[in-house]
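Shown here: upload_3.tsv, TSV, N, CA and C atoms.
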```
chain	number	residue	atom	x	y	z
A	1	GLN	N	91.89	126.14	-108.00
A	1	GLN	CA	93.26	125.63	-107.90
A	1	GLN	C	94.07	126.03	-109.12
A	2	VAL	N	95.29	126.43	-108.86
A	2	VAL	CA	96.22	126.77	-109.93
A	2	VAL	C	97.39	125.79	-109.88
A	3	GLN	N	97.73	125.23	-111.00
A	3	GLN	CA	98.89	124.35	-111.09
A	3	GLN	C	100.02	125.10	-111.81
A	4	LEU	N	101.22	124.97	-111.27
A	4	LEU	CA	102.38	125.68	-111.81
A	4	LEU	C	103.51	124.70	-112.08
A	5	VAL	N	104.12	124.81	-113.25
A	5	VAL	CA	105.24	123.95	-113.60
A	5	VAL	C	106.40	124.82	-114.07
A	6	GLU	N	107.51	124.75	-113.33
A	6	GLU	CA	108.69	125.54	-113.67
A	6	GLU	C	109.65	124.74	-114.55
A	7	SER	N	110.46	125.45	-115.30
A	7	SER	CA	111.53	124.84	-116.08
A	7	SER	C	112.60	125.89	-116.34
A	8	GLY	N	113.78	125.42	-116.74
A	8	GLY	CA	114.82	126.33	-117.16
A	8	GLY	C	116.00	126.48	-116.21
A	9	GLY	N	115.95	125.81	-115.06
A	9	GLY	CA	117.08	125.90	-114.15
A	9	GLY	C	118.28	125.14	-114.67
A	10	GLY	N	119.40	125.26	-113.95
A	10	GLY	CA	120.60	124.54	-114.34
A	10	GLY	C	121.84	125.12	-113.72
A	11	LEU	N	122.98	124.71	-114.26
A	11	LEU	CA	124.28	125.18	-113.79
A	11	LEU	C	124.82	126.21	-114.78
A	12	VAL	N	125.27	127.33	-114.25
A	12	VAL	CA	125.79	128.38	-115.10
A	12	VAL	C	126.99	129.03	-114.40
A	13	GLN	N	127.93	129.53	-115.18
A	13	GLN	CA	129.09	130.20	-114.61
A	13	GLN	C	128.74	131.62	-114.17
A	14	PRO	N	129.48	132.15	-113.22
A	14	PRO	CA	129.24	133.55	-112.83
A	14	PRO	C	129.31	134.48	-114.04
A	15	GLY	N	128.36	135.41	-114.09
A	15	GLY	CA	128.27	136.32	-115.22
A	15	GLY	C	127.37	135.81	-116.33
A	16	GLY	N	126.95	134.56	-116.24
A	16	GLY	CA	126.12	133.97	-117.26
A	16	GLY	C	124.65	134.31	-117.10
A	17	SER	N	123.83	133.70	-117.98
A	17	SER	CA	122.39	133.98	-117.99
A	17	SER	C	121.59	132.68	-118.02
A	18	LEU	N	120.40	132.78	-117.47
A	18	LEU	CA	119.41	131.70	-117.54
A	18	LEU	C	118.03	132.32	-117.66
A	19	ARG	N	117.10	131.59	-118.27
A	19	ARG	CA	115.72	132.03	-118.29
A	19	ARG	C	114.84	130.94	-117.71
A	20	LEU	N	114.11	131.29	-116.67
A	20	LEU	CA	113.16	130.38	-116.06
A	20	LEU	C	111.77	130.60	-116.65
A	21	SER	N	111.02	129.53	-116.78
A	21	SER	CA	109.65	129.61	-117.27
A	21	SER	C	108.72	128.97	-116.25
A	22	CYS	N	107.50	129.48	-116.18
A	22	CYS	CA	106.49	128.93	-115.28
A	22	CYS	C	105.17	128.90	-116.03
A	23	ALA	N	104.69	127.71	-116.32
A	23	ALA	CA	103.43	127.54	-117.02
A	23	ALA	C	102.31	127.30	-116.03
A	24	ALA	N	101.26	128.09	-116.14
A	24	ALA	CA	100.12	127.99	-115.23
A	24	ALA	C	98.94	127.32	-115.91
A	25	SER	N	98.20	126.54	-115.13
A	25	SER	CA	96.98	125.91	-115.62
A	25	SER	C	95.97	125.86	-114.48
A	26	GLY	N	94.74	125.54	-114.80
A	26	GLY	CA	93.69	125.49	-113.79
A	26	GLY	C	92.94	126.81	-113.74
A	27	SER	N	92.73	127.32	-112.54
A	27	SER	CA	91.94	128.55	-112.34
A	27	SER	C	92.76	129.80	-112.62
A	28	ILE	N	93.30	129.90	-113.83
A	28	ILE	CA	94.21	130.99	-114.15
A	28	ILE	C	93.48	132.31	-114.31
A	29	PHE	N	92.18	132.29	-114.58
A	29	PHE	CA	91.45	133.53	-114.81
A	29	PHE	C	91.40	134.39	-113.56
A	30	SER	N	91.57	133.76	-112.40
A	30	SER	CA	91.45	134.50	-111.15
A	30	SER	C	92.79	134.97	-110.59
A	31	ILE	N	93.86	134.70	-111.30
A	31	ILE	CA	95.19	135.08	-110.80
A	31	ILE	C	95.36	136.60	-110.86
A	32	THR	N	95.77	137.20	-109.75
A	32	THR	CA	95.99	138.64	-109.72
A	32	THR	C	97.47	139.00	-109.80
A	33	ALA	N	98.33	138.08	-109.41
A	33	ALA	CA	99.76	138.34	-109.48
A	33	ALA	C	100.50	137.02	-109.53
A	34	MET	N	101.66	137.05	-110.17
A	34	MET	CA	102.55	135.89	-110.19
A	34	MET	C	103.95	136.38	-109.87
A	35	GLY	N	104.75	135.44	-109.40
A	35	GLY	CA	106.10	135.86	-109.04
A	35	GLY	C	107.06	134.70	-108.91
A	36	TRP	N	108.29	135.07	-108.64
A	36	TRP	CA	109.35	134.10	-108.39
A	36	TRP	C	109.94	134.34	-107.01
A	37	TYR	N	110.13	133.26	-106.30
A	37	TYR	CA	110.79	133.27	-105.00
A	37	TYR	C	111.96	132.31	-105.08
A	38	ARG	N	112.87	132.43	-104.13
A	38	ARG	CA	114.00	131.50	-104.09
A	38	ARG	C	114.35	131.15	-102.66
A	39	GLN	N	114.95	129.98	-102.52
A	39	GLN	CA	115.37	129.53	-101.20
A	39	GLN	C	116.74	128.87	-101.32
A	40	ALA	N	117.70	129.47	-100.66
A	40	ALA	CA	119.05	128.93	-100.63
A	40	ALA	C	119.18	128.00	-99.41
A	41	PRO	N	120.14	127.08	-99.43
A	41	PRO	CA	120.31	126.16	-98.29
A	41	PRO	C	120.50	126.91	-96.98
A	42	GLY	N	119.72	126.54	-95.98
A	42	GLY	CA	119.85	127.15	-94.67
A	42	GLY	C	119.22	128.52	-94.53
A	43	LYS	N	118.55	128.98	-95.58
A	43	LYS	CA	117.93	130.31	-95.55
A	43	LYS	C	116.43	130.21	-95.79
A	44	GLU	N	115.73	131.27	-95.45
A	44	GLU	CA	114.30	131.32	-95.67
A	44	GLU	C	113.99	131.65	-97.13
A	45	ARG	N	112.81	131.25	-97.55
A	45	ARG	CA	112.38	131.60	-98.90
A	45	ARG	C	112.20	133.11	-98.99
A	46	GLU	N	112.66	133.69	-100.10
A	46	GLU	CA	112.59	135.14	-100.26
A	46	GLU	C	112.02	135.51	-101.63
A	47	LEU	N	111.40	136.68	-101.66
A	47	LEU	CA	110.85	137.20	-102.90
A	47	LEU	C	111.98	137.60	-103.84
A	48	VAL	N	111.82	137.24	-105.12
A	48	VAL	CA	112.76	137.69	-106.15
A	48	VAL	C	112.11	138.77	-107.01
A	49	ALA	N	110.95	138.46	-107.56
A	49	ALA	CA	110.26	139.41	-108.44
A	49	ALA	C	108.80	139.02	-108.56
A	50	THR	N	107.95	140.03	-108.77
A	50	THR	CA	106.53	139.77	-108.98
A	50	THR	C	106.02	140.59	-110.14
A	51	ILE	N	104.92	140.14	-110.74
A	51	ILE	CA	104.26	140.87	-111.81
A	51	ILE	C	102.76	140.71	-111.63
A	52	THR	N	102.03	141.82	-111.70
A	52	THR	CA	100.59	141.76	-111.52
A	52	THR	C	99.90	141.49	-112.85
A	53	SER	N	98.59	141.31	-112.76
A	53	SER	CA	97.80	141.07	-113.98
A	53	SER	C	97.82	142.29	-114.89
A	54	ARG	N	98.15	143.46	-114.31
A	54	ARG	CA	98.24	144.67	-115.12
A	54	ARG	C	99.64	144.92	-115.63
A	55	GLY	N	100.57	144.03	-115.26
A	55	GLY	CA	101.93	144.17	-115.76
A	55	GLY	C	102.87	144.95	-114.86
A	56	TRP	N	102.40	145.37	-113.68
A	56	TRP	CA	103.29	146.06	-112.76
A	56	TRP	C	104.28	145.09	-112.19
A	57	THR	N	105.53	145.50	-112.08
A	57	THR	CA	106.58	144.62	-111.60
A	57	THR	C	107.24	145.15	-110.33
A	58	ASN	N	107.82	144.23	-109.59
A	58	ASN	CA	108.52	144.58	-108.37
A	58	ASN	C	109.68	143.60	-108.22
A	59	TYR	N	110.85	144.13	-107.79
A	59	TYR	CA	112.04	143.30	-107.68
A	59	TYR	C	112.70	143.45	-106.31
A	60	GLN	N	113.33	142.37	-105.88
A	60	GLN	CA	114.23	142.45	-104.73
A	60	GLN	C	115.41	143.33	-105.13
A	61	ASP	N	115.90	144.13	-104.18
A	61	ASP	CA	116.98	145.07	-104.49
A	61	ASP	C	118.20	144.38	-105.09
A	62	SER	N	118.52	143.18	-104.62
A	62	SER	CA	119.77	142.53	-105.05
A	62	SER	C	119.71	142.04	-106.50
A	63	VAL	N	118.51	141.97	-107.09
A	63	VAL	CA	118.40	141.49	-108.47
A	63	VAL	C	117.98	142.60	-109.43
A	64	GLU	N	117.62	143.76	-108.89
A	64	GLU	CA	117.19	144.88	-109.71
A	64	GLU	C	118.26	145.21	-110.75
A	65	GLY	N	117.85	145.31	-112.00
A	65	GLY	CA	118.79	145.61	-113.07
A	65	GLY	C	119.45	144.40	-113.69
A	66	ARG	N	119.35	143.26	-113.03
A	66	ARG	CA	119.94	142.02	-113.57
A	66	ARG	C	118.86	141.03	-114.01
A	67	PHE	N	117.76	141.00	-113.29
A	67	PHE	CA	116.67	140.07	-113.57
A	67	PHE	C	115.48	140.83	-114.16
A	68	THR	N	114.75	140.16	-115.04
A	68	THR	CA	113.54	140.74	-115.61
A	68	THR	C	112.42	139.72	-115.59
A	69	ILE	N	111.30	140.10	-114.98
A	69	ILE	CA	110.13	139.23	-114.98
A	69	ILE	C	109.18	139.70	-116.07
A	70	SER	N	108.57	138.74	-116.76
A	70	SER	CA	107.62	139.08	-117.81
A	70	SER	C	106.57	137.98	-117.90
A	71	ARG	N	105.50	138.26	-118.64
A	71	ARG	CA	104.44	137.27	-118.76
A	71	ARG	C	103.91	137.25	-120.18
A	72	ASP	N	103.51	136.07	-120.62
A	72	ASP	CA	102.86	135.88	-121.92
A	72	ASP	C	101.46	135.36	-121.60
A	73	ASN	N	100.48	136.24	-121.66
A	73	ASN	CA	99.13	135.87	-121.27
A	73	ASN	C	98.54	134.81	-122.20
A	74	ALA	N	98.93	134.85	-123.46
A	74	ALA	CA	98.40	133.87	-124.42
A	74	ALA	C	98.86	132.45	-124.08
A	75	LYS	N	100.05	132.35	-123.48
A	75	LYS	CA	100.60	131.05	-123.12
A	75	LYS	C	100.45	130.75	-121.64
A	76	ASN	N	99.85	131.69	-120.90
A	76	ASN	CA	99.70	131.50	-119.44
A	76	ASN	C	101.04	131.18	-118.80
A	77	THR	N	102.05	131.90	-119.20
A	77	THR	CA	103.42	131.62	-118.76
A	77	THR	C	104.09	132.88	-118.26
A	78	VAL	N	104.84	132.73	-117.18
A	78	VAL	CA	105.65	133.81	-116.64
A	78	VAL	C	107.11	133.42	-116.77
A	79	TYR	N	107.94	134.40	-117.08
A	79	TYR	CA	109.36	134.16	-117.29
A	79	TYR	C	110.19	134.98	-116.29
A	80	LEU	N	111.37	134.48	-116.01
A	80	LEU	CA	112.35	135.24	-115.25
A	80	LEU	C	113.66	135.16	-116.00
A	81	GLN	N	114.03	136.26	-116.65
A	81	GLN	CA	115.31	136.34	-117.34
A	81	GLN	C	116.36	136.79	-116.34
A	82	MET	N	117.38	135.98	-116.15
A	82	MET	CA	118.41	136.28	-115.16
A	82	MET	C	119.74	136.47	-115.86
A	83	ASN	N	120.28	137.66	-115.76
A	83	ASN	CA	121.57	138.00	-116.37
A	83	ASN	C	122.59	138.34	-115.29
A	84	SER	N	123.84	138.34	-115.67
A	84	SER	CA	124.93	138.69	-114.74
A	84	SER	C	124.80	137.91	-113.44
A	85	LEU	N	124.60	136.63	-113.56
A	85	LEU	CA	124.37	135.80	-112.38
A	85	LEU	C	125.59	135.73	-111.48
A	86	LYS	N	125.32	135.68	-110.18
A	86	LYS	CA	126.36	135.63	-109.16
A	86	LYS	C	126.21	134.35	-108.35
A	87	PRO	N	127.29	133.90	-107.72
A	87	PRO	CA	127.18	132.69	-106.88
A	87	PRO	C	126.08	132.81	-105.82
A	88	GLU	N	125.85	134.01	-105.31
A	88	GLU	CA	124.83	134.18	-104.28
A	88	GLU	C	123.41	134.07	-104.83
A	89	ASP	N	123.26	133.94	-106.14
A	89	ASP	CA	121.94	133.69	-106.73
A	89	ASP	C	121.59	132.20	-106.70
A	90	THR	N	122.54	131.37	-106.30
A	90	THR	CA	122.29	129.94	-106.22
A	90	THR	C	121.18	129.64	-105.22
A	91	ALA	N	120.17	128.92	-105.69
A	91	ALA	CA	119.01	128.60	-104.86
A	91	ALA	C	118.03	127.74	-105.66
A	92	VAL	N	117.03	127.24	-104.97
A	92	VAL	CA	115.88	126.66	-105.65
A	92	VAL	C	114.89	127.79	-105.90
A	93	TYR	N	114.48	127.94	-107.13
A	93	TYR	CA	113.56	129.01	-107.51
A	93	TYR	C	112.16	128.44	-107.66
A	94	TYR	N	111.21	129.12	-107.02
A	94	TYR	CA	109.82	128.67	-107.01
A	94	TYR	C	108.93	129.70	-107.70
A	95	CYS	N	108.03	129.22	-108.51
A	95	CYS	CA	107.01	130.06	-109.11
A	95	CYS	C	105.82	130.16	-108.16
A	96	ASN	N	105.21	131.32	-108.12
A	96	ASN	CA	104.07	131.56	-107.24
A	96	ASN	C	102.95	132.25	-108.00
A	97	ALA	N	101.72	131.87	-107.67
A	97	ALA	CA	100.55	132.55	-108.23
A	97	ALA	C	99.60	132.87	-107.08
A	98	PHE	N	99.03	134.08	-107.12
A	98	PHE	CA	98.12	134.50	-106.06
A	98	PHE	C	96.75	134.79	-106.66
A	99	ASN	N	95.71	134.18	-106.06
A	99	ASN	CA	94.34	134.51	-106.46
A	99	ASN	C	93.47	134.52	-105.21
A	100	LYS	N	92.18	134.55	-105.39
A	100	LYS	CA	91.25	134.69	-104.25
A	100	LYS	C	91.36	133.52	-103.28
A	101	ASP	N	91.89	132.40	-103.74
A	101	ASP	CA	92.02	131.24	-102.87
A	101	ASP	C	93.35	131.21	-102.13
A	102	GLY	N	94.22	132.16	-102.42
A	102	GLY	CA	95.52	132.22	-101.75
A	102	GLY	C	96.66	131.95	-102.70
A	103	ASN	N	97.74	131.40	-102.15
A	103	ASN	CA	98.97	131.17	-102.92
A	103	ASN	C	99.05	129.75	-103.45
A	104	SER	N	99.56	129.63	-104.68
A	104	SER	CA	99.90	128.33	-105.26
A	104	SER	C	101.38	128.35	-105.59
A	105	TRP	N	102.02	127.18	-105.47
A	105	TRP	CA	103.47	127.09	-105.68
A	105	TRP	C	103.80	125.98	-106.67
A	106	GLY	N	104.87	126.21	-107.42
A	106	GLY	CA	105.41	125.16	-108.25
A	106	GLY	C	106.34	124.27	-107.44
A	107	GLN	N	106.92	123.28	-108.11
A	107	GLN	CA	107.76	122.31	-107.41
A	107	GLN	C	109.18	122.82	-107.21
A	108	GLY	N	109.54	123.88	-107.90
A	108	GLY	CA	110.88	124.46	-107.76
A	108	GLY	C	111.83	123.96	-108.82
A	109	THR	N	112.79	124.82	-109.17
A	109	THR	CA	113.84	124.45	-110.11
A	109	THR	C	115.17	124.98	-109.58
A	110	GLN	N	116.18	124.14	-109.63
A	110	GLN	CA	117.48	124.48	-109.06
A	110	GLN	C	118.27	125.36	-110.01
A	111	VAL	N	118.81	126.44	-109.47
A	111	VAL	CA	119.75	127.31	-110.19
A	111	VAL	C	121.05	127.31	-109.41
A	112	THR	N	122.13	126.91	-110.08
A	112	THR	CA	123.44	126.89	-109.45
A	112	THR	C	124.40	127.73	-110.26
A	113	VAL	N	125.00	128.72	-109.59
A	113	VAL	CA	125.96	129.61	-110.24
A	113	VAL	C	127.34	129.31	-109.66
A	114	SER	N	128.18	128.71	-110.47
A	114	SER	CA	129.48	128.27	-109.99
A	114	SER	C	130.44	128.11	-111.15
A	115	SER	N	131.72	128.38	-110.88
A	115	SER	CA	132.75	128.16	-111.89
A	115	SER	C	133.35	126.77	-111.75
```
Would you kindly transcribe this structure into structure tokens?
Amino acid sequence: QVQLVESGGGLVQPGGSLRLSCAASGSIFSITAMGWYRQAPGKERELVATITSRGWTNYQDSVEGRFTISRDNAKNTVYLQMNSLKPEDTAVYYCNAFNKDGNSWGQGTQVTVSS
């Protein structure tokens, strides 16, 4: 079992920045990839960005160049740096970890982009 705790969400104006953090605990040695997903009201949960244990990254087209996913292995933490935020980035953001037992999810953190 992997436990995930997100932090860093909030209200920001368009064009602003936020950094999300996700601290992992439990069976972290078996994690092969971690990522961020988001779910806006009335929409399905969608992939935002992922990073593998080797550091390979993948981004949704709409965030490419604006968001950066990174990991600090010493702290068992994954980050999502979000710049040039747009109103359409408003959603609940969820941290995800994948290992041999499947997917684990955090509780989610709200990001609201509004003037």
Which is closest to A:Ala40 among A:Leu11, A:Val92, A:Ala74, A:Val113, if we use only N, CA and C atoms?
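Ranked by minimum distance to A:Ala40, first place goes to A:Val92.
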Expected answer as a PyMOL selection string: strand (DSSP E or B) residues in stretch 4-74 of chain A
chain A and resi 4-7+10-12+18-26+33-39+46-52+57-59+67-72
In Å, with one decimal, what is the gap from atom CA of A:Gly10 to atom CA of A:Asn83?
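Interatomic distance here is 13.6 Å.
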Mind giving me the straight-line distance from atom N of A:Gly9 to atom CA of A:Thr77 in Å, one decimal?
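Going from atom N of A:Gly9 over to atom CA of A:Thr77 covers 14.3 Å.
Proximity ranking of A:Val78, A:Ile69, A:Leu47, A:Val111 relative to A:Ser21 places A:Val78 first, based on only N, CA and C atoms.
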With all atoms listed in the file as the counted atoms, please give the residues lying no more than 6.5 Å from A:Arg66, apart from itself and same-chain residues fewer than 3 positions off, as a count of residues only.
5
Residues near A:Thr112, cut-off 8 Å, only N, CA and C atoms, skip fewer than 3 positions along chain, as an MDAnalysis selection string:
chainID A and resid 9:14 86:87 89:92 109 115
What residues in chain A get the DSSP label helix (DSSP H, G or I)? Please answer as a ChimeraX atom specification.
/A:28-30,87-89
Would you save the residues from that selection as a short mmCIF file (atom, residue, chain, number, x, y, z; two decimals), in the coordinates of the input, using N, CA and C atoms?
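again_30.cif, freshly written:
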```cif
data_model
loop_
_atom_site.label_atom_id
_atom_site.label_comp_id
_atom_site.auth_asym_id
_atom_site.auth_seq_id
_atom_site.Cartn_x
_atom_site.Cartn_y
_atom_site.Cartn_z
N ILE A 28 93.30 129.90 -113.83
CA ILE A 28 94.21 130.99 -114.15
C ILE A 28 93.48 132.31 -114.31
N PHE A 29 92.18 132.29 -114.58
CA PHE A 29 91.45 133.53 -114.81
C PHE A 29 91.40 134.39 -113.56
N SER A 30 91.57 133.76 -112.40
CA SER A 30 91.45 134.50 -111.15
C SER A 30 92.79 134.97 -110.59
N PRO A 87 127.29 133.90 -107.72
CA PRO A 87 127.18 132.69 -106.88
C PRO A 87 126.08 132.81 -105.82
N GLU A 88 125.85 134.01 -105.31
CA GLU A 88 124.83 134.18 -104.28
C GLU A 88 123.41 134.07 -104.83
N ASP A 89 123.26 133.94 -106.14
CA ASP A 89 121.94 133.69 -106.73
C ASP A 89 121.59 132.20 -106.70
#
```
Distance in Å - atom CA of A:Asn99 versus atom CA of A:Glu44
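Rounded to one decimal, the two atoms are 22.9 Å apart.
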Choose the residue, out of A:Ile51, A:Val2, A:Gly102, A:Trp56, that has the smallest atom-to-atom separation from A:Gly35; count all atoms listed in the file.
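Using all atoms listed in the file, the shortest distance to A:Gly35 belongs to A:Ile51.
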Rank nothing, just name the residue among A:Ala33, A:Ala97, A:Val5, A:Leu80 nearest to A:Leu18, using only C-alpha atoms.
A:Leu80
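Non-sequential neighbours of A:Tyr37 (distance at most 6.5 Å, separation of 5 or more positions within a chain, only N, CA and C atoms) are Arg45, Glu46, Leu47, Val48, Ala49, Val92, Tyr93, Tyr94, Cys95 and Asn96 of chain A.
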Considering all atoms listed in the file, can you say which of A:Ser104, A:Phe98, A:Cys22, A:Tyr59 comes closest to A:Gly8?
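Among A:Ser104, A:Phe98, A:Cys22, A:Tyr59, it is A:Cys22 that comes nearest to A:Gly8.
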